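Asker: The following block contains the structure, expressed as C-alpha cells.
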Amino acid sequence: ACATPGGGQGSYSEVWELSHERCAEACLNDRECVAYEYSTTKRYKLCEKHKEVPSHSVPVDNSACFVLESALSLRTFKPFRGGDARYRGAVSAAGPLGWPPPPPAIVVPPRACGSPSSMPSSMPSSSSGGDGFAGCDLRLVQWDGLSVESVNLDGADLSGGSFTRAQFFRSTLRQAVAVSATFERAGLEFTDWRQGLLMDSSLRAAEMSAASLDGASLLFCDLKDIQADEASLNGAILRDSVLDGADLRSAQLRSATFRRGSAVGASFRYSDLRGATFVRTNLSRATFRGADLEGADFTLARGTTPSTFDMARGHFKAPDPAASQVK
C-alpha cells in the first residue's frame, strides 16, 4: 500500500470496481495522479489515484503501490523495507498497459535490534537519553506480557509482532509501523503514536487512555472495546476499522476521518469532534452527549437516530436519512 513520510496515505481519490489495467489508465490520464494503489478482495476492487508521491510502501495483502515514471524523478519512493517482492511496488511505463518488471530498488535496512523469539532482558528508556529501540526492525517479535515504561520505539517496525497484554506505559512510537500486529488488552496509556501507521492490527480491549495518535493512520484495525478516553486523534484517519464499544470520552478528534468503519455502541461523550468526518460508518447506538460537533460532517453516516446526537453541541451536517440506513 502507498504511504507518505508521516505514515499516512496522503491525498487521493477512489474509483471502485475497475480492473487493474483500467486503474492504471485512469491514473495516467489524470494530470494530478502521480501514483496509484490497486486493491482486491472477495467483496470489491478499489483503485486509489494518489496526488502526492508516496515515500514508501507497506505490506497489505492483495494490495500494491505503483509510482509513475515521471514522479520517480523526485527520488522519494522506497519499497517496504525488508519485504518480499510482493510489497516492493512497481514503476509504470510511459503507456497504460504492459508494465515492465520493476527496476532494482534501494532498500534502507533498519537497525537490527532484539530477537524475534524472545523478550529482551532489558530495554533502554526514553528518559535515559538514548535511542532505545528507535528505528529498529522488530517484525515478528513475540513480546506478550512484556512490561516496560518510557521506551523509545520511534520509527520502529513492529509488523507481525505479538504484544498481547504487554505494558508500554508512556513509551513513544512516533512514526512507528505495525502491520498485522496484535496489541490485544495491551497497556498503552499515555503512549505517543503520532504519525504512526497501524494496519490490519488488533488492539481489541487495549488501554489507550490519554494516548496521542495525532495524524496517525489506523487502517483495517480491530479497535473493539478499546479504552481511549482523553486520547488525542486530531487529524487521524480511521479507515475500515471496528470501534464497536470503544470508549472515546473526552477524546480530541478534531478533523479526524472515519471511513467505512463501525462504531456501534461507541461513546464519544464530551469529545472534541470539530471538523470530523464520518463516511459510511455505522454509528448504531453510539452516543455523542456533550460532544462538540461544530463543523462535523455526518452526511453519509449510518445507523443514526435523532437521539444519537442528544445534548451534543455545535452546528454540524446531519446524516442523510437515506444514507443512515444500515445495509
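In the C-alpha cells, chains take the letters A, B, ... in the order shown, each chain's residues start at 1, and ligands count up from 1 in the order shown.
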Tell me, as JSON, numbers by chain, which residues lie within 9 Å of Met311 (chain A), counting only C-alpha atoms; anything in the same chain fewer than 5 positions away does not count.
Answerer: {"A": [288, 289, 290, 291]}
Asker: Print the selection's residues with C-alpha atoms to a file, as a tab-separated table (two decimals), in the first residue's frame.
Answerer:
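selection.tsv written:
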```tsv
chain	number	residue	atom	x	y	z
A	288	PHE	CA	-22.35	11.99	21.38
A	289	ARG	CA	-23.79	13.53	24.53
A	290	GLY	CA	-21.93	16.75	25.40
A	291	ALA	CA	-19.59	16.42	22.39
```
Asker: Neighbours of Leu300 (chain A) within 8 Å (only C-alpha atoms; same-chain residues fewer than 2 positions away dropped), as a list in words?
Answerer: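 So the residues in contact are Phe278, Val279, Arg280, Thr281, Asp297, Phe298, Arg302, Pro319, Asp320, Ala323 and Ser324 of chain A.
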Asker: Taking only C-alpha atoms into account, which of A:Met199, A:Val242, A:Ala256, A:Leu138 comes nearest Leu213 (chain A)?
Answerer: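 Smallest distance to Leu213 (chain A) is found for A:Ala256.
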Asker: Could you pull the residues within 12 Å of Gln227 (chain A), counting only C-alpha atoms, minus those fewer than 2 positions along the same chain, as number ranges by chain?
Answerer: A: 184-190, 203-211, 223-225, 229-231, 243-251, 266-268
Asker: Please measure the separation of CA of Gln252 (chain A) and CA of Asp222 (chain A), giving the value in Å to one decimal.
Answerer: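 These two atoms are separated by 20.0 Å.
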Asker: Give me, as a PyMOL selection string, all polymer residues having an atom no more than 6 Å from Ser212 (chain A), counting only C-alpha atoms and skipping those fewer than 3 positions away in the same chain.
Answerer: chain A and resi 192-193+231-232
Asker: For the residues in that selection, give me C-alpha atoms as a PDB file, in the first residue's frame.
Answerer:
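Result file is part.pdb:
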```
ATOM      1  CA  ASP A 192       2.779   8.617  21.717  1.00  0.00           C
ATOM      2  CA  TRP A 193       1.845   7.189  18.287  1.00  0.00           C
ATOM      3  CA  ALA A 231      -6.843  10.247  23.906  1.00  0.00           C
ATOM      4  CA  SER A 232      -5.834  12.620  21.113  1.00  0.00           C
TER       5      SER A 232
END
```
